[in-house]
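Data block for coords.cif (mmCIF, C-alpha atoms):
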```
data_start
loop_
_atom_site.label_atom_id
_atom_site.label_comp_id
_atom_site.auth_asym_id
_atom_site.auth_seq_id
_atom_site.Cartn_x
_atom_site.Cartn_y
_atom_site.Cartn_z
CA MET A 13 -22.81 14.20 -22.30
CA ASN A 14 -25.48 13.35 -19.72
CA GLN A 15 -24.85 9.63 -20.15
CA LEU A 16 -21.12 10.20 -19.85
CA SER A 17 -21.54 12.31 -16.75
CA ASN A 18 -23.66 9.68 -15.07
CA LYS A 19 -21.10 6.98 -15.75
CA ARG A 20 -18.24 9.03 -14.31
CA TRP A 21 -20.13 10.12 -11.21
CA ILE A 22 -21.47 6.65 -10.48
CA ARG A 23 -18.23 4.82 -11.17
CA LEU A 24 -15.55 7.13 -9.74
CA ILE A 25 -17.02 9.29 -7.00
CA PRO A 26 -17.85 6.47 -4.54
CA ILE A 27 -14.32 5.10 -4.96
CA VAL A 28 -12.72 8.51 -4.43
CA PHE A 29 -14.94 9.20 -1.41
CA ILE A 30 -14.12 5.89 0.30
CA THR A 31 -10.39 6.22 -0.37
CA TYR A 32 -10.10 9.67 1.17
CA SER A 33 -12.44 8.65 3.96
CA LEU A 34 -10.07 5.84 4.97
CA ALA A 35 -7.11 8.22 4.82
CA TYR A 36 -8.90 10.65 7.07
CA LEU A 37 -9.96 7.90 9.49
CA ASP A 38 -6.32 7.06 10.23
CA ARG A 39 -5.50 10.73 10.61
CA ALA A 40 -8.32 11.85 12.91
CA ASN A 41 -8.78 8.90 15.26
CA TYR A 42 -5.71 9.92 17.25
CA SER A 43 -7.80 12.55 19.03
CA PHE A 44 -10.17 9.82 20.25
CA GLY A 45 -7.31 7.54 21.24
CA ALA A 46 -5.81 10.36 23.30
CA ALA A 47 -9.13 11.12 25.00
CA GLY A 48 -9.87 7.39 25.48
CA GLY A 49 -6.81 6.26 27.40
CA LEU A 50 -3.69 6.50 25.19
CA ALA A 51 -2.42 9.64 26.90
CA HIS A 52 -3.07 8.18 30.35
CA ASP A 53 -1.53 4.75 29.67
CA LEU A 54 1.64 6.14 28.11
CA ASN A 55 1.94 9.01 30.62
CA ILE A 56 1.64 11.66 27.93
CA THR A 57 1.02 15.25 29.05
CA ALA A 58 -1.45 17.50 27.25
CA ALA A 59 1.42 19.44 25.64
CA THR A 60 3.12 16.23 24.43
CA SER A 61 -0.22 14.86 23.21
CA SER A 62 -0.81 18.01 21.17
CA LEU A 63 2.69 17.68 19.66
CA LEU A 64 1.98 14.04 18.75
CA GLY A 65 -1.28 15.05 17.13
CA ALA A 66 0.43 17.86 15.28
CA LEU A 67 3.49 15.86 14.21
CA PHE A 68 1.42 14.11 11.56
CA PHE A 69 1.07 17.41 9.72
CA LEU A 70 4.79 18.10 9.80
CA GLY A 71 5.36 14.83 7.93
CA TYR A 72 2.40 15.69 5.72
CA PHE A 73 4.09 18.95 4.70
CA PHE A 74 7.19 17.53 3.03
CA PHE A 75 5.96 15.34 0.17
CA GLN A 76 2.97 17.22 -1.24
CA ILE A 77 4.65 18.64 -4.33
CA PRO A 78 6.60 15.46 -5.25
CA GLY A 79 3.35 13.53 -4.87
CA ALA A 80 1.47 15.87 -7.21
CA HIS A 81 4.31 15.74 -9.74
CA TYR A 82 4.33 11.95 -9.70
CA ALA A 83 0.53 11.78 -10.01
CA GLU A 84 0.52 14.05 -13.07
CA ASN A 85 3.56 12.63 -14.84
CA LYS A 86 3.42 8.97 -13.74
CA SER A 87 0.35 7.52 -12.01
CA ALA A 88 -2.04 8.68 -9.29
CA LYS A 89 -3.43 5.14 -9.26
CA LYS A 90 -0.10 3.54 -8.34
CA LEU A 91 0.83 6.24 -5.82
CA ILE A 92 -2.43 5.92 -3.90
CA PHE A 93 -2.32 2.09 -4.00
CA TYR A 94 0.98 1.98 -2.10
CA ALA A 95 -0.07 4.82 0.19
CA LEU A 96 -3.21 2.92 1.22
CA ILE A 97 -1.20 -0.13 2.25
CA LEU A 98 1.46 1.83 4.11
CA TRP A 99 -0.88 4.11 6.01
CA GLY A 100 -3.05 1.15 7.04
CA LEU A 101 0.02 -0.62 8.45
CA LEU A 102 1.24 2.49 10.26
CA ALA A 103 -2.19 3.28 11.69
CA SER A 104 -2.58 -0.27 13.03
CA ALA A 105 0.95 -0.14 14.44
CA THR A 106 -0.14 2.76 16.64
CA GLY A 107 -2.19 0.27 18.65
CA LEU A 108 0.87 -1.89 19.33
CA ILE A 109 3.17 0.82 20.63
CA SER A 110 4.13 1.23 24.27
CA ASN A 111 6.99 3.66 23.76
CA VAL A 112 6.32 7.36 23.25
CA SER A 113 9.42 7.80 21.08
CA LEU A 114 8.14 5.18 18.65
CA LEU A 115 4.77 6.90 18.65
CA PHE A 116 6.47 10.11 17.48
CA VAL A 117 8.11 8.19 14.62
CA VAL A 118 4.86 6.48 13.56
CA ARG A 119 2.85 9.71 13.60
CA PHE A 120 5.45 11.49 11.49
CA CYS A 121 5.71 8.61 8.99
CA LEU A 122 1.93 8.42 8.74
CA GLY A 123 1.94 12.07 7.70
CA VAL A 124 4.64 11.42 5.09
CA VAL A 125 2.70 8.51 3.56
CA GLU A 126 -0.60 10.38 3.45
CA SER A 127 0.93 13.61 2.14
CA ALA A 128 0.64 12.56 -1.49
CA VAL A 129 -3.01 11.54 -1.31
CA MET A 130 -4.80 14.89 -1.44
CA PRO A 131 -2.87 16.48 -4.35
CA ALA A 132 -2.89 13.15 -6.22
CA MET A 133 -6.66 12.88 -5.81
CA LEU A 134 -7.25 16.47 -6.94
CA GLU A 135 -5.04 15.83 -9.95
CA PHE A 136 -6.91 12.59 -10.65
CA LEU A 137 -10.30 14.34 -10.58
CA SER A 138 -9.05 17.03 -12.98
CA HIS A 139 -8.53 14.26 -15.55
CA TRP A 140 -12.17 13.20 -15.32
CA PHE A 141 -14.33 16.26 -14.55
CA THR A 142 -14.76 19.59 -16.31
CA LYS A 143 -14.74 23.09 -14.90
CA ALA A 144 -18.53 23.13 -14.55
CA GLU A 145 -18.37 19.97 -12.42
CA ARG A 146 -15.16 20.42 -10.48
CA SER A 147 -16.46 22.02 -7.28
CA ARG A 148 -18.93 19.16 -6.78
CA ALA A 149 -16.32 16.51 -7.65
CA ASN A 150 -13.84 18.05 -5.20
CA THR A 151 -16.55 18.20 -2.56
CA PHE A 152 -17.34 14.51 -2.84
CA LEU A 153 -13.62 13.85 -2.36
CA ILE A 154 -13.24 16.12 0.66
CA LEU A 155 -16.61 15.03 2.03
CA GLY A 156 -14.65 11.99 3.15
CA ASN A 157 -13.22 14.29 5.80
CA PRO A 158 -16.31 15.32 7.84
CA ALA A 159 -18.29 12.19 6.90
CA THR A 160 -15.49 10.04 8.28
CA VAL A 161 -15.22 12.00 11.50
CA LEU A 162 -19.00 11.75 11.82
CA TRP A 163 -19.15 7.94 11.81
CA MET A 164 -15.68 7.51 13.27
CA SER A 165 -16.69 9.58 16.30
CA ILE A 166 -19.55 7.21 17.04
CA VAL A 167 -17.80 3.92 16.15
CA SER A 168 -14.57 4.87 17.94
CA GLY A 169 -16.53 5.73 21.06
CA TYR A 170 -18.03 2.24 21.15
CA ILE A 171 -14.73 0.47 20.33
CA LEU A 172 -12.92 2.45 23.02
CA ASN A 173 -15.62 1.60 25.52
CA ALA A 174 -15.61 -2.11 24.64
CA LEU A 175 -12.01 -2.91 23.67
CA GLY A 176 -9.80 0.08 24.49
CA TRP A 177 -7.66 2.42 22.43
CA ARG A 178 -5.20 -0.20 21.17
CA TRP A 179 -7.86 -2.24 19.39
CA MET A 180 -9.42 0.95 18.06
CA PHE A 181 -6.22 1.80 16.16
CA ILE A 182 -5.67 -1.79 14.97
CA LEU A 183 -9.24 -2.30 13.72
CA GLU A 184 -9.46 1.12 12.06
CA GLY A 185 -6.14 0.68 10.24
CA LEU A 186 -6.99 -2.62 8.51
CA PRO A 187 -9.67 -1.33 6.06
CA GLY A 188 -7.08 0.83 4.26
CA ILE A 189 -4.96 -2.22 3.42
CA ILE A 190 -7.96 -4.16 2.09
CA TRP A 191 -9.25 -1.19 0.10
CA ALA A 192 -5.90 -0.75 -1.70
CA PHE A 193 -6.58 -3.80 -3.84
CA ILE A 194 -10.14 -2.71 -4.61
CA TRP A 195 -8.81 0.71 -5.66
CA TRP A 196 -6.24 -0.94 -7.97
CA LYS A 197 -8.89 -3.05 -9.64
CA LEU A 198 -11.48 -0.32 -10.23
CA VAL A 199 -9.54 2.85 -11.10
CA ASN A 200 -7.89 4.17 -14.29
CA ASP A 201 -5.61 7.20 -14.39
CA HIS A 202 -7.10 8.59 -17.61
CA PRO A 203 -10.38 8.20 -19.54
CA LYS A 204 -8.56 6.68 -22.52
CA GLU A 205 -7.68 3.66 -20.33
CA ALA A 206 -11.24 3.04 -19.12
CA LYS A 207 -12.90 -0.02 -20.61
CA TRP A 208 -16.24 1.07 -19.15
CA LEU A 209 -16.38 4.08 -21.53
CA ASP A 210 -16.99 3.66 -25.25
CA SER A 211 -14.87 5.47 -27.84
CA GLU A 212 -17.42 8.26 -28.37
CA GLU A 213 -17.66 8.99 -24.64
CA LYS A 214 -13.88 9.09 -24.33
CA ALA A 215 -13.59 11.47 -27.27
CA THR A 216 -16.31 13.79 -25.95
CA LEU A 217 -14.72 14.03 -22.52
CA ASN A 218 -11.23 14.52 -23.94
CA GLU A 219 -12.43 17.33 -26.22
CA ALA A 220 -14.10 19.14 -23.31
CA LEU A 221 -11.01 18.89 -21.11
CA GLN A 222 -8.64 19.91 -23.91
CA ALA A 223 -10.81 22.92 -24.75
CA GLU A 224 -10.39 24.16 -21.19
CA GLN A 225 -6.62 23.82 -21.39
CA LYS A 226 -6.47 25.77 -24.65
CA GLU A 227 -7.96 28.78 -22.85
CA LEU A 228 -4.92 28.86 -20.56
CA LYS A 229 -1.54 30.02 -21.75
CA SER A 230 1.15 27.54 -20.74
CA VAL A 231 3.10 28.34 -17.59
CA LYS A 232 6.65 27.04 -17.98
CA ASN A 233 7.28 25.45 -14.60
CA TYR A 234 6.34 25.25 -10.95
CA GLY A 235 8.61 28.16 -10.05
CA GLU A 236 6.68 30.53 -12.28
CA ALA A 237 3.35 29.32 -10.90
CA PHE A 238 4.51 29.48 -7.28
CA ARG A 239 5.58 33.12 -7.66
CA SER A 240 2.11 34.26 -8.68
CA LYS A 241 0.43 36.51 -6.16
CA THR A 242 -2.79 34.48 -6.17
CA VAL A 243 -1.01 31.21 -5.32
CA ILE A 244 0.99 32.91 -2.55
CA LEU A 245 -2.11 34.48 -1.00
CA LEU A 246 -4.12 31.26 -1.23
CA SER A 247 -1.25 29.36 0.40
CA ILE A 248 -1.25 31.72 3.39
CA GLN A 249 -5.06 31.71 3.43
CA TYR A 250 -5.21 27.92 3.56
CA ALA A 251 -2.62 27.75 6.34
CA LEU A 252 -4.74 30.08 8.49
CA TRP A 253 -7.94 28.22 7.61
CA SER A 254 -6.32 24.90 8.57
CA ILE A 255 -5.33 26.29 11.97
CA GLY A 256 -9.03 26.58 12.76
CA VAL A 257 -10.05 23.27 11.21
CA TYR A 258 -7.46 21.04 12.81
CA GLY A 259 -7.41 22.81 16.14
CA PHE A 260 -11.12 21.95 16.13
CA VAL A 261 -10.76 18.35 14.86
CA MET A 262 -7.94 17.37 17.21
CA TRP A 263 -9.39 18.87 20.36
CA LEU A 264 -13.18 18.67 20.05
CA PRO A 265 -13.43 15.25 21.78
CA SER A 266 -11.39 16.50 24.74
CA ILE A 267 -13.45 19.71 24.92
CA ILE A 268 -16.70 17.73 25.01
CA LYS A 269 -15.38 15.14 27.45
CA SER A 270 -14.49 17.92 29.88
CA ALA A 271 -18.20 18.60 30.39
CA PRO A 272 -19.63 17.10 33.60
CA ASN A 273 -20.89 13.50 33.46
CA THR A 274 -19.92 12.93 29.81
CA SER A 275 -18.94 9.35 28.93
CA ILE A 276 -16.69 8.42 26.01
CA VAL A 277 -19.71 7.04 24.10
CA ALA A 278 -21.66 10.27 24.64
CA THR A 279 -18.56 12.21 23.58
CA GLY A 280 -18.52 10.25 20.34
CA TRP A 281 -22.16 11.04 19.56
CA LEU A 282 -21.82 14.74 20.40
CA ALA A 283 -18.57 15.06 18.43
CA SER A 284 -20.33 13.73 15.32
CA VAL A 285 -22.91 16.53 15.20
CA PRO A 286 -20.70 19.29 13.68
CA TYR A 287 -19.64 16.90 10.92
CA LEU A 288 -23.22 16.07 10.00
CA LEU A 289 -23.83 19.79 9.49
CA ALA A 290 -20.55 20.00 7.55
CA CYS A 291 -21.66 17.28 5.11
CA ILE A 292 -24.95 19.07 4.40
CA LEU A 293 -23.28 22.45 3.90
CA MET A 294 -20.50 21.08 1.69
CA LEU A 295 -22.95 19.48 -0.73
CA THR A 296 -25.15 22.58 -0.83
CA VAL A 297 -22.31 25.05 -1.26
CA SER A 298 -20.58 23.07 -4.02
CA TYR A 299 -23.83 22.72 -5.97
CA PHE A 300 -24.47 26.47 -6.05
CA SER A 301 -20.81 27.31 -6.63
CA ASP A 302 -20.83 25.21 -9.81
CA LYS A 303 -24.26 26.45 -10.83
CA TRP A 304 -23.30 30.11 -10.53
CA GLN A 305 -19.60 29.58 -11.41
CA ASN A 306 -18.60 31.74 -8.47
CA ARG A 307 -15.94 30.55 -6.02
CA LYS A 308 -15.22 33.54 -3.77
CA LEU A 309 -18.84 34.02 -2.71
CA PHE A 310 -18.91 30.47 -1.38
CA VAL A 311 -15.63 30.59 0.55
CA TYR A 312 -15.03 33.71 2.64
CA PRO A 313 -18.52 34.18 4.20
CA PHE A 314 -18.35 30.74 5.80
CA LEU A 315 -14.91 31.41 7.22
CA LEU A 316 -16.26 34.61 8.79
CA ILE A 317 -19.17 32.67 10.29
CA GLY A 318 -16.69 30.19 11.79
CA ALA A 319 -14.65 33.03 13.28
CA VAL A 320 -17.72 34.65 14.85
CA CYS A 321 -18.90 31.34 16.34
CA PHE A 322 -15.52 30.58 17.89
CA TYR A 323 -15.47 34.03 19.44
CA GLY A 324 -19.03 33.54 20.68
CA SER A 325 -17.97 30.28 22.37
CA TYR A 326 -15.17 32.17 24.07
CA LEU A 327 -17.59 34.83 25.37
CA LEU A 328 -19.97 32.19 26.73
CA GLY A 329 -17.22 30.32 28.56
CA THR A 330 -17.49 26.88 30.14
CA SER A 331 -20.49 27.74 32.28
CA HIS A 332 -22.85 27.57 29.29
CA PHE A 333 -21.77 24.27 27.75
CA TRP A 334 -24.79 23.61 25.51
CA LEU A 335 -24.90 27.10 24.01
CA SER A 336 -21.16 26.93 23.47
CA PHE A 337 -21.54 23.50 21.86
CA ILE A 338 -24.16 24.85 19.42
CA LEU A 339 -21.77 27.61 18.36
CA LEU A 340 -18.95 25.08 18.00
CA THR A 341 -21.24 22.95 15.82
CA ILE A 342 -21.94 25.91 13.53
CA ALA A 343 -18.24 26.80 13.44
CA GLY A 344 -17.34 23.24 12.46
CA GLY A 345 -19.92 23.09 9.69
CA ALA A 346 -18.98 26.53 8.35
CA MET A 347 -15.26 25.72 8.24
CA TYR A 348 -15.86 22.66 6.06
CA ALA A 349 -18.47 24.16 3.73
CA PRO A 350 -16.10 25.96 1.28
CA TYR A 351 -13.63 23.17 0.47
CA GLY A 352 -15.11 22.24 -2.91
CA PRO A 353 -15.17 25.77 -4.36
CA PHE A 354 -11.77 26.56 -2.88
CA PHE A 355 -9.97 23.68 -4.60
CA ALA A 356 -11.75 24.48 -7.88
CA ILE A 357 -9.97 27.86 -8.09
CA ILE A 358 -6.45 26.80 -9.12
CA PRO A 359 -7.31 24.48 -12.06
CA GLU A 360 -9.40 27.32 -13.48
CA ILE A 361 -6.53 29.81 -13.57
CA LEU A 362 -3.45 27.65 -14.17
CA PRO A 363 -2.78 25.03 -16.88
CA ARG A 364 -2.55 21.34 -16.04
CA ASN A 365 1.26 21.13 -16.16
CA VAL A 366 1.53 23.31 -13.03
CA ALA A 367 -1.96 23.28 -11.47
CA GLY A 368 -1.30 20.05 -9.55
CA GLY A 369 1.92 21.44 -8.11
CA ALA A 370 0.23 24.71 -7.14
CA MET A 371 -2.56 22.80 -5.35
CA ALA A 372 0.10 20.71 -3.62
CA LEU A 373 1.92 23.87 -2.46
CA ILE A 374 -1.32 25.29 -1.06
CA ASN A 375 -2.17 21.99 0.61
CA SER A 376 1.33 21.71 2.10
CA MET A 377 0.94 25.18 3.62
CA GLY A 378 -2.37 23.93 4.98
CA ALA A 379 -0.41 21.10 6.60
CA LEU A 380 1.81 23.65 8.34
CA GLY A 381 -1.30 25.47 9.51
CA SER A 382 -2.70 22.17 10.74
CA PHE A 383 0.50 21.51 12.67
CA VAL A 384 0.33 24.95 14.26
CA GLY A 385 -3.40 24.62 14.98
CA ALA A 386 -3.23 21.15 16.53
CA TYR A 387 -0.17 22.02 18.62
CA ILE A 388 -0.93 25.56 19.76
CA VAL A 389 -4.57 24.82 20.58
CA GLY A 390 -3.39 21.97 22.81
CA TYR A 391 -0.64 24.15 24.29
CA LEU A 392 -3.07 26.96 25.09
CA ASN A 393 -5.55 24.53 26.64
CA ASP A 394 -2.79 23.10 28.84
CA LEU A 395 -1.35 26.52 29.73
CA THR A 396 -4.64 28.19 30.65
CA GLY A 397 -6.53 25.17 31.99
CA GLY A 398 -9.49 26.04 29.71
CA TYR A 399 -10.51 26.51 26.11
CA GLY A 400 -11.16 30.27 25.87
CA ALA A 401 -7.70 31.23 24.61
CA SER A 402 -7.73 28.56 21.91
CA TYR A 403 -11.22 29.66 20.76
CA ASN A 404 -9.84 33.18 20.26
CA PHE A 405 -6.78 31.84 18.44
CA MET A 406 -8.94 29.87 15.99
CA ALA A 407 -11.34 32.82 15.55
CA ILE A 408 -8.53 35.21 14.61
CA SER A 409 -7.01 32.67 12.18
CA LEU A 410 -10.33 32.17 10.37
CA PHE A 411 -11.01 35.90 10.21
CA LEU A 412 -7.62 36.55 8.59
CA SER A 413 -8.23 33.62 6.23
CA ALA A 414 -11.50 35.19 5.07
CA ILE A 415 -9.79 38.53 4.38
CA LEU A 416 -7.05 36.83 2.36
CA THR A 417 -9.69 34.97 0.33
CA ILE A 418 -11.19 38.28 -0.74
CA MET A 419 -7.75 39.66 -1.64
CA ALA A 420 -6.69 36.56 -3.60
CA THR A 421 -9.89 36.16 -5.62
CA LYS A 422 -10.87 39.75 -6.31
CA GLN A 423 -11.64 40.51 -9.93
CA LYS A 424 -8.57 41.55 -11.87
CA LYS A 425 -8.12 43.16 -15.23
CA LYS A 426 -4.39 42.88 -15.22
CA GLY A 427 -1.56 41.46 -13.23
CA ASP A 428 -0.48 38.24 -11.65
CA VAL A 429 -2.08 34.98 -12.76
CA ALA A 430 -4.46 36.56 -15.27
CA GLU A 431 -1.53 38.34 -16.86
CA GLU A 432 0.70 35.27 -16.77
CA THR A 433 -1.89 32.98 -18.33
CA ASN A 434 -3.48 35.52 -20.69
CA VAL A 435 -6.90 34.70 -19.26
CA PRO A 436 -9.16 37.46 -17.90
CA PHE A 437 -10.05 36.90 -14.28
CA GLN A 438 -13.73 36.20 -13.82
CA GLU A 439 -15.31 36.62 -10.42
CA LEU A 440 -13.88 33.43 -8.96
#
```

Do you think you could lay out the structure here as structure tokens?
Amino acid sequence: MNQLSNKRWIRLIPIVFITYSLAYLDRANYSFGAAGGLAHDLNITAATSSLLGALFFLGYFFFQIPGAHYAENKSAKKLIFYALILWGLLASATGLISNVSLLFVVRFCLGVVESAVMPAMLEFLSHWFTKAERSRANTFLILGNPATVLWMSIVSGYILNALGWRWMFILEGLPGIIWAFIWWKLVNDHPKEAKWLDSEEKATLNEALQAEQKELKSVKNYGEAFRSKTVILLSIQYALWSIGVYGFVMWLPSIIKSAPNTSIVATGWLASVPYLLACILMLTVSYFSDKWQNRKLFVYPFLLIGAVCFYGSYLLGTSHFWLSFILLTIAGGAMYAPYGPFFAIIPEILPRNVAGGAMALINSMGALGSFVGAYIVGYLNDLTGGYGASYNFMAISLFLSAILTIMATKQKKKGDVAEETNVPFQEL
């Protein structure tokens, strides 16, 4: 099994990481474009800019579940291939637009195209990695999020400084189109299709994955899974969590640039710091979550830390920029740390025929939270002329998210998902 594990990790994880990284690049660089001249050149107010940033997530909301269904029943490989090409074209098109109405359309369509990627990728990984490996595999996928913002913050700062926001969007959209063909060449939907595994390795992996499924009583359809209390609570939890994450992602560059004597290049370097911490924490947390087979312990404490740090930044105010920035850095890292364990929960309590759909539902609720976070944080910043109110808003959202995590993953002897699937709830 060690040889098999090495082959899967070495072959698939870099591909998965790069693919999601490119998706996240085209999602997150809008915040730099807005701070680097887009809003000024197109006469976009702060409130309109926040709506444009948030509109992506409204499009992202609608096609999560259909994407997961297609990935499980048809092909994640094909779905992601076409998504890569389309989102690269749409992202590059952002650099060619001079009309705000068209920008609204492009941002919404970009969200629609990317909506299938996350659930399809999670479904794809569940075909290749076992329960004991899933938190780490998920983390390497989602690591594309902070890792991308880390290097994108620096590179975008230099491109903006040298070429302007239009070329930033054009140049950062092209890699997705090129990568689509590399993805198609290298990836297989299922182990049985992989020529780089021998028959014994395929059989061993298939037996391990099938054994996990046999422990779970079949759930008839998505409706039954969606009505479970755990799925409902985790959906609300992820929406609140995403308010904090995307309020932070979309507005951090503008928050930093508001400091005295801060250039766009310096903004890029400073904005990368929280994501460096996030990468370190995500890898560490996922390792121990898999080692101890405990999910809850590696989710809610980090959300509480994020809430406390946002509130601390509010108390410090704008007069103590560097102390506030340190707290924001910790908040950013803490918010990202639990992603791997969190997305390992559902495949461990629901069978494969509905697990992908349940993860898609949770992720789609996260998209709504992202929409609310990106929009309301921008609205509060514009309304109050500062960032204190939005810090409080994100702190409260993360605190409630932590409480819901505890409620959704508490040990159960009867009821809800454990009762539906005939599997005793371990300490998740």

With a distance cut-off of 8 Å and all atoms listed in the file, select the neighbouring residues of Pro131 of chain A, excluding the residue or stretch itself and same-chain residues fewer than 3 positions from it, and output the selection as a ChimeraX atom specification.
/A:76-77,79-80,128,134-135,368-369,371-372,375

For the atom pair atom CA of Arg148 of chain A and atom CA of Lys303 of chain A, what is the interatomic distance in Å to one decimal place?
9.9 Å

Closest of A:Leu186, A:Lys232, A:Gly123, A:Thr142 to Thr216 of chain A, counting only C-alpha atoms, is A:Thr142

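Of the residues listed (A:Gln305, A:Ser43, A:Thr60, A:Thr421), A:Thr60 shows the shortest atom-to-atom separation from Ser113 of chain A; distances use all atoms listed in the file.
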
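As for atom CA of Ile267 of chain A and atom CA of Ile255 of chain A, they are spaced 16.6 Å apart.
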
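Shell of Leu162 of chain A at 7 Å, with only C-alpha atoms counted and residues fewer than 6 places along the chain excluded, is Ser284, Tyr287 and Leu288 of chain A.
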
Would you mind reading off the distance between atom CA of Leu264 of chain A and atom CA of Tyr250 of chain A, one decimal, in Å?
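Computed distance, atom CA of Leu264 of chain A to atom CA of Tyr250 of chain A, equals 20.5 Å.
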